[in-house]
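Next up, work29.tsv (TSV, C-alpha atoms and all ligand atoms):
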chain	number	residue	atom	x	y	z
C	1	MET	CA	-4.18	57.31	122.20
C	2	THR	CA	-2.01	54.70	123.85
C	3	LEU	CA	-2.44	54.09	127.54
C	4	PRO	CA	0.64	53.80	129.72
C	5	GLN	CA	1.70	50.22	130.44
C	6	GLN	CA	0.17	49.05	133.71
C	7	LYS	CA	2.60	48.23	136.46
C	8	GLN	CA	2.23	44.61	137.60
C	9	PRO	CA	0.94	44.43	141.19
C	10	PRO	CA	3.14	42.56	143.66
C	11	ALA	CA	2.39	38.82	143.65
C	12	ASP	CA	0.98	39.00	147.18
C	13	PHE	CA	-1.37	41.97	146.52
C	14	PRO	CA	-4.60	40.89	148.27
C	15	LEU	CA	-7.20	41.77	145.59
C	16	THR	CA	-7.21	39.61	142.44
C	17	ASP	CA	-9.57	38.86	139.56
C	18	ARG	CA	-11.75	36.90	142.03
C	19	PHE	CA	-12.68	40.25	143.60
C	20	THR	CA	-13.47	41.83	140.22
C	21	GLY	CA	-15.60	38.77	139.39
C	22	ALA	CA	-17.56	39.25	142.63
C	23	MET	CA	-18.16	42.96	141.82
C	24	ARG	CA	-19.55	41.92	138.44
C	25	LEU	CA	-21.87	39.33	140.03
C	26	ALA	CA	-23.03	41.79	142.72
C	27	HIS	CA	-23.92	44.27	139.97
C	28	GLU	CA	-25.73	41.62	137.94
C	29	TRP	CA	-27.67	40.07	140.84
C	30	HIS	CA	-28.86	43.42	142.30
C	31	ARG	CA	-29.49	45.19	138.97
C	32	GLY	CA	-32.79	47.09	139.31
C	33	GLN	CA	-32.61	47.23	143.13
C	34	TYR	CA	-32.43	50.58	144.97
C	35	ARG	CA	-31.82	51.59	148.58
C	36	LYS	CA	-35.06	51.90	150.57
C	37	VAL	CA	-36.95	55.22	150.54
C	38	ALA	CA	-39.91	56.50	152.57
C	39	PRO	CA	-43.38	55.71	151.16
C	40	GLY	CA	-44.16	58.09	148.26
C	41	GLU	CA	-40.50	58.94	147.52
C	42	THR	CA	-38.75	57.87	144.32
C	43	PRO	CA	-35.73	55.62	144.88
C	44	THR	CA	-32.53	56.89	143.26
C	45	VAL	CA	-29.56	55.22	144.97
C	46	PRO	CA	-28.59	51.90	143.33
C	47	TYR	CA	-28.29	49.12	145.92
C	48	LEU	CA	-24.80	48.35	144.61
C	49	SER	CA	-23.59	51.47	146.48
C	50	HIS	CA	-24.27	49.62	149.75
C	51	LEU	CA	-22.49	46.44	148.62
C	52	LEU	CA	-19.40	48.43	147.54
C	53	GLY	CA	-19.59	50.39	150.80
C	54	VAL	CA	-19.66	47.23	152.93
C	55	ALA	CA	-16.66	45.81	151.04
C	56	SER	CA	-14.88	49.14	151.53
C	57	VAL	CA	-15.53	49.17	155.30
C	58	ALA	CA	-14.45	45.52	155.59
C	59	LEU	CA	-11.17	46.22	153.74
C	60	GLU	CA	-10.51	49.25	155.94
C	61	PHE	CA	-10.84	46.99	158.99
C	62	GLY	CA	-8.44	44.38	157.64
C	63	ALA	CA	-10.54	42.04	155.45
C	64	THR	CA	-8.89	39.37	153.34
C	65	GLU	CA	-10.00	39.02	149.72
C	66	THR	CA	-12.34	36.16	150.72
C	67	GLU	CA	-14.00	38.35	153.39
C	68	ALA	CA	-14.26	41.31	150.98
C	69	ILE	CA	-15.91	39.08	148.35
C	70	ALA	CA	-18.42	37.88	150.95
C	71	ALA	CA	-19.10	41.55	151.80
C	72	LEU	CA	-19.94	42.24	148.14
C	73	LEU	CA	-22.28	39.24	148.00
C	74	HIS	CA	-23.71	39.41	151.54
C	75	ASP	CA	-27.25	40.24	150.41
C	76	ALA	CA	-27.33	37.84	147.42
C	77	LEU	CA	-29.47	35.22	149.19
C	78	GLU	CA	-31.90	37.76	150.73
C	79	ASP	CA	-32.46	39.96	147.69
C	80	GLY	CA	-30.97	38.08	144.71
C	81	PRO	CA	-33.97	35.77	144.15
C	82	GLU	CA	-36.24	38.79	143.47
C	83	TYR	CA	-33.85	40.38	140.95
C	84	THR	CA	-32.49	37.25	139.25
C	85	ARG	CA	-35.58	35.01	139.46
C	86	ARG	CA	-33.27	32.26	140.69
C	87	SER	CA	-33.66	30.49	144.01
C	88	ALA	CA	-31.47	31.33	147.01
C	89	ASP	CA	-30.15	27.74	146.83
C	90	ALA	CA	-29.10	28.21	143.18
C	91	LEU	CA	-27.33	31.50	143.99
C	92	HIS	CA	-25.63	29.93	147.02
C	93	GLY	CA	-24.45	27.04	144.82
C	94	GLU	CA	-22.99	29.44	142.26
C	95	ILE	CA	-21.17	31.38	145.00
C	96	ARG	CA	-19.71	28.12	146.36
C	97	ASP	CA	-18.64	26.88	142.90
C	98	THR	CA	-17.14	30.24	141.85
C	99	PHE	CA	-15.57	31.55	145.05
C	100	GLY	CA	-15.31	28.47	147.30
C	101	PRO	CA	-17.00	27.16	150.46
C	102	GLU	CA	-15.69	29.86	152.83
C	103	VAL	CA	-17.31	32.70	150.85
C	104	ALA	CA	-20.51	30.61	150.63
C	105	ARG	CA	-20.48	30.09	154.41
C	106	LEU	CA	-19.87	33.80	155.13
C	107	VAL	CA	-22.74	34.84	152.84
C	108	LYS	CA	-25.05	32.35	154.55
C	109	ASP	CA	-24.06	33.72	157.98
C	110	ALA	CA	-24.82	37.29	156.82
C	111	THR	CA	-28.37	36.31	155.79
C	112	ASP	CA	-31.19	36.98	158.27
C	113	ALA	CA	-33.97	35.56	156.07
C	114	GLU	CA	-33.81	33.59	152.86
C	115	PRO	CA	-37.00	33.92	150.88
C	116	GLN	CA	-38.57	30.48	150.36
C	117	ALA	CA	-40.71	30.05	147.24
C	118	GLY	CA	-44.34	30.86	148.03
C	119	GLU	CA	-43.64	31.71	151.69
C	120	GLU	CA	-43.71	35.04	153.51
C	121	LYS	CA	-40.58	36.19	155.38
C	122	ALA	CA	-40.84	35.51	159.13
C	123	PRO	CA	-42.10	38.54	161.15
C	124	TRP	CA	-39.51	41.37	161.50
C	125	GLY	CA	-39.00	41.08	165.30
C	126	GLU	CA	-38.58	37.31	165.13
C	127	ARG	CA	-36.03	37.55	162.26
C	128	LYS	CA	-33.97	40.21	164.02
C	129	ALA	CA	-34.09	38.39	167.40
C	130	ASN	CA	-32.88	35.16	165.74
C	131	TYR	CA	-30.09	37.00	163.94
C	132	LEU	CA	-28.99	38.67	167.21
C	133	ARG	CA	-28.96	35.28	168.98
C	134	GLU	CA	-26.80	33.79	166.23
C	135	LEU	CA	-24.41	36.76	166.41
C	136	GLU	CA	-24.04	36.50	170.19
C	137	ALA	CA	-22.86	32.90	169.78
C	138	GLN	CA	-20.78	33.57	166.64
C	139	GLN	CA	-17.34	31.92	166.81
C	140	SER	CA	-16.10	33.08	163.41
C	141	ALA	CA	-14.16	36.37	163.32
C	142	SER	CA	-14.70	36.49	159.54
C	143	SER	CA	-18.49	36.24	159.89
C	144	LEU	CA	-18.43	39.01	162.51
C	145	LEU	CA	-16.29	41.22	160.25
C	146	VAL	CA	-18.68	40.92	157.28
C	147	SER	CA	-21.76	41.40	159.46
C	148	ALA	CA	-20.44	44.40	161.43
C	149	SER	CA	-19.16	46.07	158.22
C	150	ASP	CA	-22.70	45.76	156.81
C	151	LYS	CA	-24.28	47.23	159.93
C	152	LEU	CA	-21.71	50.06	160.19
C	153	HIS	CA	-22.32	51.08	156.58
C	154	ASN	CA	-26.09	51.10	157.21
C	155	ALA	CA	-25.81	52.92	160.56
C	156	ARG	CA	-23.62	55.64	158.99
C	157	ALA	CA	-26.12	56.07	156.15
C	158	ILE	CA	-29.01	56.34	158.62
C	159	LEU	CA	-27.09	58.86	160.78
C	160	THR	CA	-26.33	61.03	157.73
C	161	ASP	CA	-29.98	60.92	156.63
C	162	VAL	CA	-31.30	61.70	160.15
C	163	LEU	CA	-28.96	64.68	160.49
C	164	THR	CA	-29.92	65.86	157.00
C	165	ALA	CA	-33.64	65.47	157.74
C	166	GLY	CA	-33.38	68.08	160.54
C	167	ASP	CA	-34.13	67.84	164.23
C	168	SER	CA	-37.93	67.96	164.31
C	169	SER	CA	-39.56	64.74	165.43
C	170	GLU	CA	-41.91	64.95	162.39
C	171	ALA	CA	-38.94	64.95	159.99
C	172	ARG	CA	-37.42	61.98	161.80
C	173	THR	CA	-40.69	60.05	161.80
C	174	ALA	CA	-40.99	60.66	158.04
C	175	PHE	CA	-37.42	59.45	157.47
C	176	PHE	CA	-37.80	56.32	159.61
C	177	GLY	CA	-41.05	55.52	157.76
C	178	ARG	CA	-38.95	53.57	155.23
C	179	PHE	CA	-38.14	50.90	157.80
C	180	LYS	CA	-40.70	48.29	158.85
C	181	GLN	CA	-40.42	49.09	162.58
C	182	GLY	CA	-39.83	52.85	162.27
C	183	GLN	CA	-37.54	54.81	164.60
C	184	SER	CA	-37.93	52.70	167.75
C	185	GLY	CA	-37.37	49.31	166.09
C	186	THR	CA	-34.43	50.57	164.07
C	187	LEU	CA	-32.68	52.19	167.06
C	188	GLN	CA	-33.31	49.16	169.25
C	189	TYR	CA	-31.93	46.81	166.58
C	190	TYR	CA	-28.68	48.77	166.16
C	191	ARG	CA	-28.09	49.06	169.93
C	192	LEU	CA	-28.71	45.30	170.40
C	193	LEU	CA	-26.34	44.62	167.48
C	194	VAL	CA	-23.54	46.47	169.30
C	195	ASP	CA	-24.26	44.41	172.45
C	196	ALA	CA	-24.30	41.14	170.46
C	197	TYR	CA	-20.98	41.85	168.68
C	198	ARG	CA	-19.31	42.64	171.99
C	199	ALA	CA	-20.63	39.37	173.48
C	200	ALA	CA	-19.62	37.16	170.51
C	201	PRO	CA	-16.77	34.75	171.35
C	202	GLY	CA	-15.27	35.09	167.84
C	203	GLY	CA	-14.63	38.81	168.35
C	204	ARG	CA	-12.34	38.50	171.37
C	205	ASP	CA	-8.61	39.09	170.85
C	206	HIS	CA	-9.10	40.63	167.39
C	207	PRO	CA	-8.02	44.29	167.69
C	208	ARG	CA	-9.32	45.25	164.22
C	209	LEU	CA	-12.73	43.71	164.95
C	210	LEU	CA	-12.90	45.41	168.35
C	211	ALA	CA	-12.07	48.72	166.61
C	212	LEU	CA	-14.92	48.07	164.18
C	213	PHE	CA	-17.36	47.36	167.03
C	214	ASP	CA	-16.18	50.60	168.74
C	215	GLU	CA	-16.83	52.57	165.55
C	216	LEU	CA	-20.31	51.03	165.25
C	217	ASP	CA	-20.96	51.89	168.92
C	218	ARG	CA	-19.91	55.54	168.33
C	219	THR	CA	-22.16	55.76	165.27
C	220	VAL	CA	-25.16	54.22	167.06
C	221	THR	CA	-24.57	56.53	170.07
C	222	ALA	CA	-24.54	59.54	167.71
C	223	LEU	CA	-27.77	58.28	166.16
C	224	GLU	CA	-29.43	57.91	169.57
C	225	GLN	CA	-28.28	61.42	170.50
C	226	ALA	CA	-29.64	62.83	167.23
C	227	CYS	CA	-32.97	61.22	168.12
C	228	GLY	CA	-32.86	62.51	171.73
C	229	VAL	CA	-32.76	59.08	173.41
C	230	THR	CA	-30.22	56.99	175.36
C	231	ALA	CA	-28.89	53.47	174.85
C	232	GLU	CA	-30.76	52.31	177.96
C	233	THR	CA	-34.04	53.55	176.46
C	234	THR	CA	-33.50	51.96	173.06
C	235	ARG	CA	-32.46	48.58	174.55
C	236	ASN	CA	-35.79	48.39	176.32
C	237	TYR	CA	-38.05	49.27	173.40
C	238	PRO	CA	-40.63	46.53	172.80
C	239	ASN	CA	-40.03	45.92	169.05
C	240	ILE	CA	-37.60	43.02	169.44
C	241	GLN	CA	-39.19	40.84	172.07
C	242	SER	CA	-36.64	38.21	173.02
C	243	ASN	CA	-34.21	40.83	174.20
C	244	THR	CA	-30.73	39.30	173.91
C	245	ALA	CA	-28.93	42.12	175.69
C	301	LIG	N1	-32.09	53.43	152.07
C	301	LIG	C1	-31.51	52.91	153.13
C	301	LIG	N2	-31.70	51.58	153.39
C	301	LIG	C2	-31.13	51.07	154.49
C	301	LIG	C3	-30.37	51.90	155.31
C	301	LIG	N3	-29.96	51.16	156.32
C	301	LIG	C4	-30.44	49.92	156.14
C	301	LIG	N4	-31.14	49.85	155.02
C	301	LIG	C5	-31.80	48.66	154.48
C	301	LIG	O1	-33.04	48.50	155.18
C	301	LIG	C6	-33.05	47.23	155.85
C	301	LIG	C7	-33.79	47.35	157.14
C	301	LIG	O2	-35.11	47.60	156.78
C	301	LIG	P1	-36.28	47.06	157.67
C	301	LIG	O3	-37.54	47.49	157.02
C	301	LIG	O4	-36.05	47.48	159.08
C	301	LIG	O5	-36.13	45.47	157.68
C	301	LIG	P2	-35.97	44.33	156.58
C	301	LIG	O6	-35.74	44.96	155.22
C	301	LIG	O7	-34.80	43.54	157.08
C	301	LIG	O8	-37.24	43.56	156.65
C	301	LIG	C8	-31.61	46.86	156.04
C	301	LIG	O9	-31.55	45.48	156.20
C	301	LIG	P3	-30.50	44.78	157.13
C	301	LIG	O10	-30.83	43.33	157.20
C	301	LIG	O11	-30.38	45.49	158.46
C	301	LIG	O12	-29.15	44.98	156.39
C	301	LIG	P4	-28.70	44.43	154.95
C	301	LIG	O13	-27.93	43.19	155.26
C	301	LIG	O14	-29.93	44.14	154.12
C	301	LIG	O15	-27.87	45.52	154.40
C	301	LIG	C9	-30.99	47.41	154.77
C	301	LIG	O16	-31.17	46.53	153.69
C	301	LIG	C10	-30.19	53.29	154.98
C	301	LIG	O17	-29.55	54.07	155.65
C	301	LIG	N5	-30.78	53.72	153.89
Just give me the structure as structure tokens.
Ligand SMILES: Nc1nc2c(ncn2[C@@H]2O[C@H](COP(=O)(O)OP(=O)(O)O)[C@@H](OP(=O)(O)OP(=O)(O)O)[C@H]2O)c(=O)[nH]1
Amino acid sequence: MTLPQQKQPPADFPLTDRFTGAMRLAHEWHRGQYRKVAPGETPTVPYLSHLLGVASVALEFGATETEAIAALLHDALEDGPEYTRRSADALHGEIRDTFGPEVARLVKDATDAEPQAGEEKAPWGERKANYLRELEAQQSASSLLVSASDKLHNARAILTDVLTAGDSSEARTAFFGRFKQGQSGTLQYYRLLVDAYRAAPGGRDHPRLLALFDELDRTVTALEQACGVTAETTRNYPNIQSNTA
């Protein structure tokens, strides 16, 4: 069977072989990794689904190829060392050499904790508080786009799972058991993320970014409603101590 001749894309089409190369690397570096499940459940969803989802959200909100590549690789430094047995520094170096310094910078900015050989990750609340502080001061619209696309993809997945789990508090507690800080920490983190994006100087005057923050806000509000709480309540939960809101 002969396949029809492929039409050449216009010279300025934004996605090139660099993007395909990043998809291949994302697959290779996260091979064997699944999305989190509650204790006792068997993981089934390959982690790559999240990386493709974040790139998809970023493109829908106006990402350039460089930003979309960073979206595909945004978890390489956090999770790659476990699945590739290479250090975060080595992976960061390969990203820089293959895709350039801007992708390497965006991936670094999307990382809340790089595993250091022989060291534990910092405590959850400390890591999230530091990340929120960095976001609040973030000057780069590109960094905000990659980060908020990541959080929107996660928030939508959580909302779908919470609605699927049903509206008993037992079902919700079981679902949130997959996350280190359970329902309260997770809800507080997403509400403080919305506040941090809105405060970030790099987000001002970027209509597509503001639309992305609005969509995250709507999703987090729906999540709070599904859990029977308000934004004011979740902001004041004690899980993330140095409250940046
Ligand atoms: N199965 C599943 N897993 C989810 C979902 N949403 C988020 N996750 C993953 O769980 C992480 C949050 O889990 P936690 O136990 O709270 O914290 P931690 O992994 O950061 O220590 C997210 O990290 P993050 O730093 O917030 O984002 P990311 O950059 O790792 O994506 C993300 O990797 C979801 O709906 N389903």
What do you get as a PDB file with C-alpha atoms, keeping the file's coordinate frame if you pick all residues at most 6 Å from ligand LIG 301 (chain C), counting all atoms listed in the file?
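Below you can see out_28.pdb, which holds the result:
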ATOM      1  CA  ARG C  35     -31.820  51.590 148.580  1.00  0.00           C
ATOM      2  CA  LYS C  36     -35.060  51.900 150.570  1.00  0.00           C
ATOM      3  CA  VAL C  37     -36.950  55.220 150.540  1.00  0.00           C
ATOM      4  CA  ASP C  75     -27.250  40.240 150.410  1.00  0.00           C
ATOM      5  CA  TRP C 124     -39.510  41.370 161.500  1.00  0.00           C
ATOM      6  CA  ASP C 150     -22.700  45.760 156.810  1.00  0.00           C
ATOM      7  CA  ASN C 154     -26.090  51.100 157.210  1.00  0.00           C
ATOM      8  CA  ALA C 157     -26.120  56.070 156.150  1.00  0.00           C
ATOM      9  CA  ILE C 158     -29.010  56.340 158.620  1.00  0.00           C
ATOM     10  CA  PHE C 179     -38.140  50.900 157.800  1.00  0.00           C
ATOM     11  CA  LYS C 180     -40.700  48.290 158.850  1.00  0.00           C
ATOM     12  CA  GLN C 181     -40.420  49.090 162.580  1.00  0.00           C
TER      13      GLN C 181
END
With distances taken over all atoms listed in the file, the candidate from C:Ser143, C:Asn236, C:Thr221, C:Thr164 nearest Ala58 (chain C) is C:Ser143
Which distance in Å separates CA of Pro43 (chain C) and CA of Arg31 (chain C), to one decimal?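 A separation of 13.5 Å between them.
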Across C:Leu152, C:Ala171, C:Leu72, C:Met1, the smallest distance to Leu193 (chain C), with only C-alpha atoms counted, is shown by C:Leu152
task = Go ahead and find all residues with at least one atom no further than 9 Å from (-24.0, 50.4, 175.2) in the file's coordinates, using only C-alpha atoms; report them as JSON, numbers by chain.
result = {"C": [191, 192, 194, 195, 217, 221, 231, 232, 235]}
Proximity to Lys128 (chain C) - best of C:Phe61, C:Tyr190, C:Tyr237, C:Phe13, all atoms listed in the file: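 Checking each of C:Phe61, C:Tyr190, C:Tyr237, C:Phe13 against Lys128 (chain C), counting all atoms listed in the file, the winner is C:Tyr190.
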Rank C:Pro46, C:Pro39, C:Gly53, C:Pro10 by their smallest atom-to-atom distance to Ser149 (chain C), using only C-alpha atoms, and report the top residue only.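 Between C:Pro46, C:Pro39, C:Gly53, C:Pro10, the residue approaching Ser149 (chain C) most closely is C:Gly53.
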Practice prompt. Measure the distance from CA of Glu114 (chain C) to CA of Leu77 (chain C) in Å and round it to one decimal.
Written response: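 Pair CA of Glu114 (chain C) / CA of Leu77 (chain C) returns 5.9 Å.
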> Which one is closest to Tyr131 (chain C): C:Tyr83, C:Tyr189, C:Phe99, C:Phe19? Count only C-alpha atoms.
Replying inline: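 Answer, going by the shortest atom-to-atom distance: C:Tyr189.
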Correct to one decimal, the distance CA of Gln6 (chain C)-CA of Gly21 (chain C) is 19.7 Å
Contacts of His30 (chain C) at 10 Å (only C-alpha atoms; same-chain gap of 6+ positions) as a tab-separated table (two decimals) with C-alpha atoms, keeping the file's coordinate frame:
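Wrote selection-v1.tsv, looks like this:
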chain	number	residue	atom	x	y	z
C	46	PRO	CA	-28.59	51.90	143.33
C	47	TYR	CA	-28.29	49.12	145.92
C	48	LEU	CA	-24.80	48.35	144.61
C	51	LEU	CA	-22.49	46.44	148.62
C	73	LEU	CA	-22.28	39.24	148.00
C	75	ASP	CA	-27.25	40.24	150.41
C	76	ALA	CA	-27.33	37.84	147.42
C	79	ASP	CA	-32.46	39.96	147.69
C	80	GLY	CA	-30.97	38.08	144.71
C	81	PRO	CA	-33.97	35.77	144.15
C	82	GLU	CA	-36.24	38.79	143.47
C	83	TYR	CA	-33.85	40.38	140.95
C	84	THR	CA	-32.49	37.25	139.25
*asked:* Applying 10 Å and only C-alpha atoms, which residues near Ser147 (chain C) remain after dropping the ones on its own chain fewer than 2 positions away? List them as a list in words.
replied: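 That gives Val54, Ala58, Ala70, Ala71, His74, Leu106, Val107, Asp109, Ala110, Thr111, Leu135, Ala141, Ser142, Ser143, Leu144, Leu145, Ser149, Asp150, Lys151, Leu152, Leu193 and Tyr197 of chain C.
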Which residue, C:Thr16, C:Thr98, C:Gln8, C:Gln241, has the smallest gap to Arg127 (chain C) when you use all atoms listed in the file?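 When distances to Arg127 (chain C) are compared using all atoms listed in the file, the smallest one comes from C:Gln241.
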### Message
List the spatial neighbours of Thr233 (chain C) as number ranges by chain - criterion: any atom at most 12 Å away, all atoms listed in the file, same-chain residues fewer than 5 positions off excluded.
### Response
C: 184-185, 187-188, 191-192, 221, 224-225, 227-228, 238
